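Have a look at the structure below, then the notes.
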Amino acid sequence: MRRKIAIGLVLLNGLLAAFLFSPQAETQVMRMGLLNCCKSDGAPKPYCCDSCCWFTWNCNRDRDCAEVTELKLSK
Amino acid sequence: MNRLLAGSAPLVLALAGCSPGGPGHSVETRFVDAREVELLPATSRFVSVRDLAFDGESIWVLDGAPPFITRVSVRDGGSDQFGGEGQGPGEFLTPWAIQPADGPVDGSIRVWDQGNDRVSTFDPRGNLLGSERLSEDGRIRARTDLRDVSYADPFRVRSTGAELVVGHFPGRIDRTADLMTGSLQRADVRLEPGPELTRFVDHMTKSASGLREWAAVPFWDVCEGAVVLWSPVSAEVVWLDLLGEVRARTPVEEKPAPVSLEDIETYLSWMARLELGPDYEDARIDYSSMAKSNRDRFAERAPIATDLRCQSGREAWLRQFDTSSDPLGRGQTWLQISANGTRRRVRFPDGFTPALFTEEGAFGVLEVPEGFQRLAWWKEESAI
(Lines give C-alpha, C1' and ligand atoms only; values in the text may rest on other atoms or scores of the structure.)
Protein backbone atom coordinates (compact mmCIF):
# COMPACT_ATOMS: atom_id res chain seq x y z
CA MET A 1 0.00 0.00 0.00
CA ARG A 2 2.80 2.40 0.98
CA ARG A 3 4.50 1.62 -2.29
CA LYS A 4 1.38 2.53 -4.24
CA ILE A 5 1.05 5.78 -2.32
CA ALA A 6 4.72 6.61 -2.95
CA ILE A 7 4.34 5.90 -6.68
CA GLY A 8 1.20 7.98 -6.72
CA LEU A 9 2.97 10.88 -5.04
CA VAL A 10 5.88 10.64 -7.45
CA LEU A 11 3.49 10.73 -10.42
CA LEU A 12 1.63 13.65 -8.88
CA ASN A 13 4.92 15.46 -8.37
CA GLY A 14 5.83 14.90 -11.99
CA LEU A 15 2.47 16.26 -13.06
CA LEU A 16 2.92 19.37 -10.94
CA ALA A 17 6.44 19.84 -12.29
CA ALA A 18 5.06 19.71 -15.82
CA PHE A 19 2.67 22.55 -14.98
CA LEU A 20 5.51 24.47 -13.36
CA PHE A 21 7.69 24.38 -16.47
CA SER A 22 4.94 24.80 -19.03
CA PRO A 23 4.67 28.15 -20.85
CA GLN A 24 2.68 29.80 -18.10
CA ALA A 25 0.62 32.76 -19.10
CA GLU A 26 -1.05 32.02 -22.39
CA THR A 27 -2.16 28.48 -21.58
CA GLN A 28 -3.70 29.51 -18.30
CA VAL A 29 -5.27 32.60 -19.74
CA MET A 30 -6.82 30.72 -22.64
CA ARG A 31 -8.57 28.35 -20.26
CA MET A 32 -9.72 31.18 -18.08
CA GLY A 33 -11.25 33.02 -21.01
CA LEU A 34 -12.97 30.07 -22.62
CA LEU A 35 -16.39 31.67 -22.49
CA ASN A 36 -15.24 35.10 -23.56
CA CYS A 37 -14.18 34.54 -27.14
CA CYS A 38 -17.48 35.20 -28.86
CA LYS A 39 -18.16 38.59 -30.29
CA SER A 40 -21.34 40.50 -30.93
CA ASP A 41 -22.20 42.72 -33.86
CA GLY A 42 -25.17 44.24 -32.08
CA ALA A 43 -27.57 41.54 -33.18
CA PRO A 44 -28.80 39.26 -30.39
CA LYS A 45 -26.79 36.22 -31.55
CA PRO A 46 -23.01 36.26 -31.05
CA TYR A 47 -20.54 35.04 -33.64
CA CYS A 48 -16.97 33.75 -33.83
CA CYS A 49 -14.16 35.09 -35.93
CA ASP A 50 -10.63 34.03 -36.65
CA SER A 51 -8.11 35.72 -34.34
CA CYS A 52 -10.66 38.04 -32.77
CA CYS A 53 -8.95 37.51 -29.45
CA TRP A 54 -5.34 37.42 -28.37
CA PHE A 55 -5.60 35.63 -25.05
CA THR A 56 -8.81 33.70 -25.09
CA TRP A 57 -9.89 30.65 -26.98
CA ASN A 58 -11.36 31.36 -30.39
CA CYS A 59 -14.41 29.45 -31.47
CA ASN A 60 -13.96 27.15 -34.40
CA ARG A 61 -17.30 27.99 -35.93
CA ASP A 62 -20.30 30.22 -35.32
CA ARG A 63 -22.26 27.34 -33.88
CA ASP A 64 -19.84 27.25 -30.95
CA CYS A 65 -20.92 30.74 -29.99
CA ALA A 66 -24.55 29.73 -29.84
CA GLU A 67 -23.66 26.73 -27.70
CA VAL A 68 -21.64 28.87 -25.32
CA THR A 69 -24.48 31.35 -25.05
CA GLU A 70 -26.96 28.61 -24.27
CA LEU A 71 -24.62 27.29 -21.58
CA LYS A 72 -24.41 30.73 -20.03
CA LEU A 73 -28.15 31.23 -20.10
CA SER A 74 -28.89 27.84 -18.58
CA LYS A 75 -26.71 28.53 -15.53
CA MET B 1 -22.92 79.48 -26.02
CA ASN B 2 -23.74 81.35 -29.21
CA ARG B 3 -20.71 83.46 -28.37
CA LEU B 4 -18.63 80.42 -29.17
CA LEU B 5 -19.66 80.37 -32.78
CA ALA B 6 -20.10 84.09 -33.24
CA GLY B 7 -17.57 86.46 -34.72
CA SER B 8 -15.88 83.95 -36.96
CA ALA B 9 -14.87 86.50 -39.59
CA PRO B 10 -12.04 88.10 -37.58
CA LEU B 11 -10.85 84.63 -36.67
CA VAL B 12 -10.75 83.57 -40.28
CA LEU B 13 -8.57 86.55 -41.07
CA ALA B 14 -6.38 85.89 -38.06
CA LEU B 15 -5.97 82.25 -38.99
CA ALA B 16 -5.19 83.13 -42.58
CA GLY B 17 -2.60 85.61 -41.42
CA CYS B 18 -0.67 83.13 -39.32
CA SER B 19 -1.06 79.94 -41.32
CA PRO B 20 2.31 78.34 -41.00
CA GLY B 21 3.86 75.75 -43.21
CA GLY B 22 3.38 74.62 -46.76
CA PRO B 23 5.06 72.16 -49.05
CA GLY B 24 8.73 72.11 -48.24
CA HIS B 25 8.34 74.10 -45.02
CA SER B 26 8.76 72.77 -41.49
CA VAL B 27 5.47 72.18 -39.69
CA GLU B 28 5.05 74.03 -36.42
CA THR B 29 3.33 72.41 -33.46
CA ARG B 30 0.78 74.30 -31.40
CA PHE B 31 0.45 72.81 -27.88
CA VAL B 32 -3.05 73.32 -26.50
CA ASP B 33 -3.15 73.74 -22.75
CA ALA B 34 -5.82 71.83 -20.81
CA ARG B 35 -7.22 75.16 -19.59
CA GLU B 36 -8.03 76.09 -23.18
CA VAL B 37 -10.55 73.24 -23.38
CA GLU B 38 -13.83 74.22 -21.72
CA LEU B 39 -16.75 72.01 -20.78
CA LEU B 40 -19.96 73.09 -22.44
CA PRO B 41 -22.48 74.23 -19.83
CA ALA B 42 -25.72 72.36 -19.18
CA THR B 43 -24.66 69.19 -20.90
CA SER B 44 -24.86 65.72 -19.51
CA ARG B 45 -22.23 63.14 -18.83
CA PHE B 46 -21.90 60.45 -21.45
CA VAL B 47 -20.77 56.86 -21.25
CA SER B 48 -19.15 56.44 -24.65
CA VAL B 49 -19.80 59.04 -27.32
CA ARG B 50 -20.02 57.41 -30.74
CA ASP B 51 -20.76 60.32 -33.03
CA LEU B 52 -21.31 64.07 -33.04
CA ALA B 53 -23.17 66.16 -35.60
CA PHE B 54 -23.81 69.88 -36.01
CA ASP B 55 -26.86 71.14 -37.89
CA GLY B 56 -26.12 74.86 -37.71
CA GLU B 57 -28.17 75.39 -34.54
CA SER B 58 -27.54 72.39 -32.33
CA ILE B 59 -24.87 69.86 -31.57
CA TRP B 60 -26.18 66.32 -31.54
CA VAL B 61 -24.44 63.71 -29.41
CA LEU B 62 -24.92 60.01 -29.98
CA ASP B 63 -23.98 58.06 -26.86
CA GLY B 64 -23.39 54.35 -26.41
CA ALA B 65 -25.92 54.06 -23.58
CA PRO B 66 -29.49 55.29 -23.07
CA PRO B 67 -30.63 57.97 -23.42
CA PHE B 68 -28.70 57.59 -26.65
CA ILE B 69 -29.37 61.03 -28.16
CA THR B 70 -28.68 64.48 -26.74
CA ARG B 71 -29.32 67.79 -28.46
CA VAL B 72 -27.46 70.84 -27.23
CA SER B 73 -28.58 74.19 -28.59
CA VAL B 74 -25.73 76.56 -29.43
CA ARG B 75 -28.14 79.48 -29.05
CA ASP B 76 -29.20 79.07 -25.44
CA GLY B 77 -27.29 76.04 -24.21
CA GLY B 78 -30.53 74.17 -23.58
CA SER B 79 -30.54 70.44 -24.13
CA ASP B 80 -32.93 67.55 -24.72
CA GLN B 81 -32.31 63.87 -24.30
CA PHE B 82 -34.18 60.92 -25.76
CA GLY B 83 -33.72 57.47 -27.32
CA GLY B 84 -34.35 54.35 -25.29
CA GLU B 85 -33.12 50.81 -25.63
CA GLY B 86 -35.15 48.26 -27.57
CA GLN B 87 -35.82 46.72 -30.94
CA GLY B 88 -38.89 48.67 -31.98
CA PRO B 89 -39.16 51.77 -34.18
CA GLY B 90 -37.30 54.67 -32.57
CA GLU B 91 -35.50 52.38 -30.15
CA PHE B 92 -31.84 51.42 -30.28
CA LEU B 93 -29.52 48.51 -29.66
CA THR B 94 -26.22 49.66 -31.16
CA PRO B 95 -26.60 53.11 -32.71
CA TRP B 96 -23.48 54.20 -34.54
CA ALA B 97 -24.11 57.31 -36.61
CA ILE B 98 -26.14 60.50 -36.36
CA GLN B 99 -26.66 63.13 -39.06
CA PRO B 100 -29.00 66.06 -39.68
CA ALA B 101 -31.91 65.14 -41.93
CA ASP B 102 -33.15 67.24 -44.83
CA GLY B 103 -36.74 66.86 -43.63
CA PRO B 104 -39.54 66.25 -43.01
CA VAL B 105 -39.40 69.14 -40.49
CA ASP B 106 -36.69 71.68 -39.74
CA GLY B 107 -34.05 70.40 -37.37
CA SER B 108 -34.82 66.73 -37.91
CA ILE B 109 -32.15 64.19 -37.11
CA ARG B 110 -31.46 60.66 -38.32
CA VAL B 111 -29.82 57.86 -36.37
CA TRP B 112 -28.55 54.61 -37.84
CA ASP B 113 -28.50 51.52 -35.67
CA GLN B 114 -26.57 48.47 -36.81
CA GLY B 115 -27.91 46.46 -33.87
CA ASN B 116 -31.53 46.36 -34.98
CA ASP B 117 -30.81 47.39 -38.60
CA ARG B 118 -32.99 50.48 -38.54
CA VAL B 119 -32.73 54.16 -39.37
CA SER B 120 -34.95 56.41 -37.27
CA THR B 121 -35.86 60.05 -37.84
CA PHE B 122 -36.76 62.42 -35.00
CA ASP B 123 -37.79 66.04 -34.74
CA PRO B 124 -35.63 68.35 -32.59
CA ARG B 125 -37.70 67.49 -29.48
CA GLY B 126 -37.24 63.78 -29.90
CA ASN B 127 -40.62 62.89 -31.39
CA LEU B 128 -40.30 59.94 -33.73
CA LEU B 129 -41.08 60.91 -37.31
CA GLY B 130 -40.26 57.63 -38.99
CA SER B 131 -38.28 54.41 -38.77
CA GLU B 132 -37.22 52.11 -41.58
CA ARG B 133 -35.32 48.88 -41.96
CA LEU B 134 -31.83 49.30 -43.41
CA SER B 135 -31.22 47.94 -46.87
CA GLU B 136 -29.84 44.41 -46.84
CA ASP B 137 -26.80 45.63 -48.82
CA GLY B 138 -26.37 48.64 -46.57
CA ARG B 139 -25.94 46.67 -43.37
CA ILE B 140 -22.50 46.62 -41.82
CA ARG B 141 -21.47 43.59 -39.84
CA ALA B 142 -18.74 44.55 -37.40
CA ARG B 143 -17.96 43.61 -33.85
CA THR B 144 -19.59 46.01 -31.44
CA ASP B 145 -16.31 46.54 -29.61
CA LEU B 146 -14.46 47.43 -32.82
CA ARG B 147 -13.49 50.84 -31.49
CA ASP B 148 -11.82 49.15 -28.54
CA VAL B 149 -9.57 47.13 -30.82
CA SER B 150 -9.11 49.33 -33.88
CA TYR B 151 -9.03 52.92 -35.06
CA ALA B 152 -11.04 51.90 -38.11
CA ASP B 153 -14.43 53.59 -38.42
CA PRO B 154 -16.58 51.70 -40.94
CA PHE B 155 -19.79 53.16 -39.51
CA ARG B 156 -19.34 56.74 -40.58
CA VAL B 157 -22.36 58.29 -42.32
CA ARG B 158 -22.20 61.79 -43.77
CA SER B 159 -25.00 63.81 -45.29
CA THR B 160 -24.56 65.93 -48.39
CA GLY B 161 -28.09 67.27 -48.08
CA ALA B 162 -29.97 65.22 -50.61
CA GLU B 163 -27.82 62.11 -50.29
CA LEU B 164 -25.52 60.26 -47.93
CA VAL B 165 -21.95 59.08 -48.25
CA VAL B 166 -21.08 55.83 -46.50
CA GLY B 167 -18.56 53.04 -46.48
CA HIS B 168 -19.97 49.87 -48.01
CA PHE B 169 -18.54 46.56 -46.78
CA PRO B 170 -19.72 43.24 -48.17
CA GLY B 171 -17.90 41.25 -45.47
CA ARG B 172 -17.59 41.44 -41.72
CA ILE B 173 -15.25 43.99 -40.15
CA ASP B 174 -13.35 42.36 -37.32
CA ARG B 175 -10.02 44.12 -37.60
CA THR B 176 -8.49 47.21 -39.13
CA ALA B 177 -7.25 45.59 -42.34
CA ASP B 178 -10.79 44.38 -43.14
CA LEU B 179 -11.52 47.90 -44.38
CA MET B 180 -9.71 46.85 -47.53
CA THR B 181 -12.83 45.01 -48.66
CA GLY B 182 -14.94 48.15 -48.76
CA SER B 183 -15.65 51.15 -50.90
CA LEU B 184 -16.95 54.67 -50.48
CA GLN B 185 -20.38 55.08 -51.98
CA ARG B 186 -23.31 57.40 -52.21
CA ALA B 187 -26.36 55.92 -50.56
CA ASP B 188 -29.96 56.62 -49.68
CA VAL B 189 -31.39 56.90 -46.19
CA ARG B 190 -31.64 53.12 -45.83
CA LEU B 191 -27.96 52.92 -46.82
CA GLU B 192 -28.80 51.19 -50.07
CA PRO B 193 -25.49 51.57 -51.96
CA GLY B 194 -25.50 53.85 -54.97
CA PRO B 195 -22.67 55.03 -57.22
CA GLU B 196 -19.19 54.10 -56.04
CA LEU B 197 -16.84 57.02 -55.34
CA THR B 198 -13.65 55.10 -54.67
CA ARG B 199 -12.47 51.67 -53.52
CA PHE B 200 -10.51 51.56 -50.28
CA VAL B 201 -8.14 48.90 -51.61
CA ASP B 202 -6.85 51.43 -54.15
CA HIS B 203 -5.59 53.55 -51.26
CA MET B 204 -3.86 50.78 -49.29
CA THR B 205 -0.60 48.96 -49.79
CA LYS B 206 -1.01 45.36 -50.89
CA SER B 207 0.85 44.03 -47.87
CA ALA B 208 -1.91 45.34 -45.63
CA SER B 209 -4.12 42.39 -46.53
CA GLY B 210 -2.01 40.07 -44.42
CA LEU B 211 -1.76 42.42 -41.48
CA ARG B 212 -3.97 42.29 -38.51
CA GLU B 213 -2.92 45.34 -36.59
CA TRP B 214 -1.97 48.89 -37.47
CA ALA B 215 -2.62 48.55 -41.15
CA ALA B 216 -2.57 51.94 -42.88
CA VAL B 217 -6.17 52.35 -43.99
CA PRO B 218 -8.03 55.25 -45.64
CA PHE B 219 -10.16 57.67 -43.65
CA TRP B 220 -12.72 60.03 -45.06
CA ASP B 221 -15.18 62.79 -44.23
CA VAL B 222 -17.57 65.10 -46.05
CA CYS B 223 -17.82 68.89 -45.70
CA GLU B 224 -19.67 71.36 -47.90
CA GLY B 225 -20.36 68.69 -50.51
CA ALA B 226 -16.72 67.70 -50.85
CA VAL B 227 -15.36 64.29 -49.91
CA VAL B 228 -12.00 64.44 -48.18
CA LEU B 229 -10.00 61.22 -48.19
CA TRP B 230 -6.71 60.19 -46.62
CA SER B 231 -4.91 57.88 -49.06
CA PRO B 232 -2.09 56.04 -47.24
CA VAL B 233 -0.62 54.49 -50.38
CA SER B 234 0.20 57.88 -51.89
CA ALA B 235 0.45 59.74 -48.56
CA GLU B 236 -1.97 62.35 -49.82
CA VAL B 237 -5.15 64.02 -48.71
CA VAL B 238 -7.43 63.83 -51.72
CA TRP B 239 -10.46 66.02 -52.33
CA LEU B 240 -13.19 64.35 -54.39
CA ASP B 241 -16.49 65.59 -55.73
CA LEU B 242 -19.65 63.55 -55.37
CA LEU B 243 -18.98 61.80 -58.66
CA GLY B 244 -15.66 60.52 -57.35
CA GLU B 245 -13.58 62.87 -59.50
CA VAL B 246 -10.39 64.15 -57.89
CA ARG B 247 -10.48 67.93 -57.40
CA ALA B 248 -7.29 68.45 -55.40
CA ARG B 249 -4.45 66.52 -53.83
CA THR B 250 -2.24 67.58 -50.95
CA PRO B 251 0.84 65.49 -50.19
CA VAL B 252 1.64 64.89 -46.54
CA GLU B 253 5.37 64.83 -45.98
CA GLU B 254 5.33 62.82 -42.79
CA LYS B 255 7.67 59.86 -42.36
CA PRO B 256 5.96 56.78 -40.90
CA ALA B 257 7.77 55.67 -37.76
CA PRO B 258 8.74 52.03 -37.22
CA VAL B 259 6.41 50.08 -34.94
CA SER B 260 8.45 49.36 -31.82
CA LEU B 261 8.21 46.39 -29.50
CA GLU B 262 7.10 48.85 -26.82
CA ASP B 263 4.18 49.85 -29.05
CA ILE B 264 3.21 46.20 -29.37
CA GLU B 265 3.54 45.56 -25.64
CA THR B 266 1.26 48.51 -24.95
CA TYR B 267 -1.26 47.11 -27.42
CA LEU B 268 -1.12 43.57 -26.00
CA SER B 269 -1.53 44.82 -22.46
CA TRP B 270 -4.68 46.65 -23.54
CA MET B 271 -6.02 43.53 -25.26
CA ALA B 272 -5.40 41.52 -22.08
CA ARG B 273 -7.39 44.06 -20.12
CA LEU B 274 -10.26 43.89 -22.60
CA GLU B 275 -10.38 40.13 -22.79
CA LEU B 276 -9.61 39.17 -19.21
CA GLY B 277 -11.22 42.02 -17.32
CA PRO B 278 -9.97 44.10 -14.40
CA ASP B 279 -7.97 41.21 -12.94
CA TYR B 280 -5.88 40.83 -16.10
CA GLU B 281 -2.65 41.49 -14.21
CA ASP B 282 -3.20 38.28 -12.23
CA ALA B 283 -2.46 36.34 -15.41
CA ARG B 284 1.16 37.57 -15.21
CA ILE B 285 1.55 37.69 -18.96
CA ASP B 286 5.04 38.21 -20.31
CA TYR B 287 4.20 40.95 -22.81
CA SER B 288 7.82 41.43 -23.81
CA SER B 289 8.30 37.91 -25.12
CA MET B 290 4.79 37.82 -26.53
CA ALA B 291 5.49 41.05 -28.47
CA LYS B 292 8.64 39.53 -29.95
CA SER B 293 6.94 36.29 -30.95
CA ASN B 294 4.02 38.15 -32.56
CA ARG B 295 6.01 40.86 -34.30
CA ASP B 296 4.92 39.67 -37.75
CA ARG B 297 1.27 40.23 -36.89
CA PHE B 298 1.89 43.97 -36.86
CA ALA B 299 2.82 46.42 -39.58
CA GLU B 300 6.51 47.21 -40.02
CA ARG B 301 5.77 50.90 -39.86
CA ALA B 302 3.08 52.74 -38.01
CA PRO B 303 0.34 54.42 -40.02
CA ILE B 304 0.64 58.17 -40.45
CA ALA B 305 -3.05 58.75 -39.74
CA THR B 306 -5.62 57.15 -37.47
CA ASP B 307 -8.54 59.45 -38.29
CA LEU B 308 -9.55 62.30 -40.56
CA ARG B 309 -12.03 65.10 -40.00
CA CYS B 310 -12.81 67.92 -42.37
CA GLN B 311 -13.32 71.48 -41.25
CA SER B 312 -14.62 72.79 -44.57
CA GLY B 313 -14.59 71.84 -48.22
CA ARG B 314 -10.88 72.73 -48.34
CA GLU B 315 -9.58 72.10 -44.82
CA ALA B 316 -8.97 68.75 -43.14
CA TRP B 317 -7.37 67.41 -39.97
CA LEU B 318 -5.38 64.17 -39.75
CA ARG B 319 -4.98 62.43 -36.40
CA GLN B 320 -1.44 61.15 -36.04
CA PHE B 321 -0.35 57.77 -34.71
CA ASP B 322 1.01 57.71 -31.15
CA THR B 323 0.71 55.02 -28.50
CA SER B 324 1.80 57.21 -25.59
CA SER B 325 -1.78 58.23 -24.80
CA ASP B 326 -3.78 55.47 -26.48
CA PRO B 327 -2.83 51.80 -26.86
CA LEU B 328 -4.33 51.69 -30.35
CA GLY B 329 -2.31 54.66 -31.53
CA ARG B 330 -4.99 57.34 -31.64
CA GLY B 331 -2.66 60.18 -30.81
CA GLN B 332 -3.37 63.62 -29.44
CA THR B 333 -1.60 65.41 -32.29
CA TRP B 334 -3.54 66.44 -35.37
CA LEU B 335 -2.17 67.78 -38.62
CA GLN B 336 -4.20 70.54 -40.25
CA ILE B 337 -4.06 70.41 -44.03
CA SER B 338 -5.67 72.61 -46.62
CA ALA B 339 -6.24 71.99 -50.29
CA ASN B 340 -3.67 74.68 -51.15
CA GLY B 341 -1.02 72.89 -49.13
CA THR B 342 -0.69 74.95 -45.95
CA ARG B 343 -0.50 73.00 -42.78
CA ARG B 344 0.36 73.00 -39.11
CA ARG B 345 0.32 70.58 -36.20
CA VAL B 346 -1.82 70.90 -33.06
CA ARG B 347 -1.36 68.77 -29.96
CA PHE B 348 -4.45 68.57 -27.80
CA PRO B 349 -4.33 67.82 -24.08
CA ASP B 350 -4.77 64.24 -22.93
CA GLY B 351 -8.39 63.24 -22.59
CA PHE B 352 -9.75 65.61 -25.22
CA THR B 353 -10.77 64.25 -28.61
CA PRO B 354 -11.88 66.85 -31.15
CA ALA B 355 -14.61 65.77 -33.54
CA LEU B 356 -16.16 68.85 -35.13
CA PHE B 357 -13.60 71.37 -36.34
CA THR B 358 -14.63 74.94 -37.02
CA GLU B 359 -12.75 78.10 -37.94
CA GLU B 360 -12.71 79.06 -34.27
CA GLY B 361 -11.64 75.77 -32.73
CA ALA B 362 -13.23 72.40 -32.24
CA PHE B 363 -16.07 70.68 -30.42
CA GLY B 364 -15.14 67.34 -28.98
CA VAL B 365 -15.33 64.91 -26.11
CA LEU B 366 -13.47 65.28 -22.84
CA GLU B 367 -12.83 62.40 -20.47
CA VAL B 368 -13.89 63.40 -16.96
CA PRO B 369 -13.38 61.64 -13.61
CA GLU B 370 -15.27 58.42 -12.85
CA GLY B 371 -14.95 57.25 -16.43
CA PHE B 372 -17.49 59.55 -18.03
CA GLN B 373 -17.30 61.90 -20.99
CA ARG B 374 -18.63 65.39 -21.54
CA LEU B 375 -19.00 67.70 -24.48
CA ALA B 376 -16.19 70.26 -24.61
CA TRP B 377 -14.99 73.10 -26.75
CA TRP B 378 -11.53 74.24 -27.72
CA LYS B 379 -11.50 77.88 -28.63
CA GLU B 380 -8.28 78.95 -30.28
CA GLU B 381 -7.42 81.98 -28.16
CA SER B 382 -4.17 82.77 -29.91
CA ALA B 383 -5.91 83.19 -33.24
CA ILE B 384 -7.70 86.31 -32.02
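Numbering starts fresh at 1 for the residues of each chain in the C-alpha coordinates, the chains themselves are lettered A, B, ... in the order given, and ligands are numbered from 1 as they appear.
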
Write out as a list in words every residue belonging to chain A that has an atom at most 6 Å from any atom of chain B, counting only C-alpha atoms.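 Here they are: Ala25, Ser40, Asp41, Gly42 and Ala43 of chain A.
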
*Near region 320-326 of chain B, counting only C-alpha atoms, which residues have an atom at most 8 Å away, once you skip same-chain residues fewer than 6 positions from it, shown as an MDAnalysis selection string?*
chainID B and resid 263 266 302:307 332:335 350

Now that the selection is made, can you save its residues with N, CA and C atoms as an mmCIF file, in the first residue's frame?
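Produced file selection_38.cif, reproduced below:
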```
data_model
loop_
_atom_site.group_PDB
_atom_site.id
_atom_site.type_symbol
_atom_site.label_atom_id
_atom_site.label_comp_id
_atom_site.auth_asym_id
_atom_site.auth_seq_id
_atom_site.Cartn_x
_atom_site.Cartn_y
_atom_site.Cartn_z
ATOM 1 N N ASP B 263 5.534 49.602 -28.517
ATOM 2 C CA ASP B 263 4.179 49.854 -29.045
ATOM 3 C C ASP B 263 3.340 48.578 -28.948
ATOM 4 N N THR B 266 2.358 47.650 -25.402
ATOM 5 C CA THR B 266 1.256 48.508 -24.951
ATOM 6 C C THR B 266 -0.072 47.991 -25.500
ATOM 7 N N ALA B 302 4.365 52.259 -38.520
ATOM 8 C CA ALA B 302 3.082 52.744 -38.008
ATOM 9 C C ALA B 302 2.371 53.564 -39.077
ATOM 10 N N PRO B 303 1.056 53.573 -39.062
ATOM 11 C CA PRO B 303 0.344 54.421 -40.022
ATOM 12 C C PRO B 303 0.572 55.893 -39.697
ATOM 13 N N ILE B 304 0.504 56.730 -40.696
ATOM 14 C CA ILE B 304 0.637 58.170 -40.453
ATOM 15 C C ILE B 304 -0.627 58.703 -39.785
ATOM 16 N N ALA B 305 -1.772 58.216 -40.240
ATOM 17 C CA ALA B 305 -3.045 58.754 -39.745
ATOM 18 C C ALA B 305 -3.915 57.674 -39.119
ATOM 19 N N THR B 306 -4.659 58.056 -38.082
ATOM 20 C CA THR B 306 -5.622 57.147 -37.469
ATOM 21 C C THR B 306 -7.031 57.739 -37.476
ATOM 22 N N ASP B 307 -7.200 58.867 -38.109
ATOM 23 C CA ASP B 307 -8.537 59.448 -38.288
ATOM 24 C C ASP B 307 -8.399 60.663 -39.203
ATOM 25 N N GLN B 332 -2.791 62.336 -29.803
ATOM 26 C CA GLN B 332 -3.374 63.622 -29.442
ATOM 27 C C GLN B 332 -2.956 64.733 -30.402
ATOM 28 N N THR B 333 -2.085 64.396 -31.346
ATOM 29 C CA THR B 333 -1.605 65.408 -32.288
ATOM 30 C C THR B 333 -2.334 65.278 -33.621
ATOM 31 N N TRP B 334 -2.816 66.397 -34.100
ATOM 32 C CA TRP B 334 -3.541 66.438 -35.372
ATOM 33 C C TRP B 334 -2.809 67.374 -36.319
ATOM 34 N N LEU B 335 -2.809 66.988 -37.584
ATOM 35 C CA LEU B 335 -2.166 67.779 -38.623
ATOM 36 C C LEU B 335 -3.251 68.463 -39.450
ATOM 37 N N ASP B 350 -4.285 65.612 -23.140
ATOM 38 C CA ASP B 350 -4.769 64.240 -22.927
ATOM 39 C C ASP B 350 -6.226 64.272 -22.476
#
```

Determine, counting only C-alpha atoms, which protein, DNA and RNA residues have an atom within 9 Å of an atom of Ala362 (chain B); residues of the same chain fewer than 2 positions away are not included. Present the result as a count of residues only.
13

### Query
Skipping near chain neighbours, those fewer than 6 positions away, what residues fall within 12 Å of Glu136 (chain B) using only C-alpha atoms, listed as a list of chain:residue names?
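Once the adjacent positions are removed, what remains is B:Gln114, B:Asp117, B:Arg118, B:His168, B:Phe169, B:Pro170, B:Arg190, B:Leu191, B:Glu192, B:Pro193.
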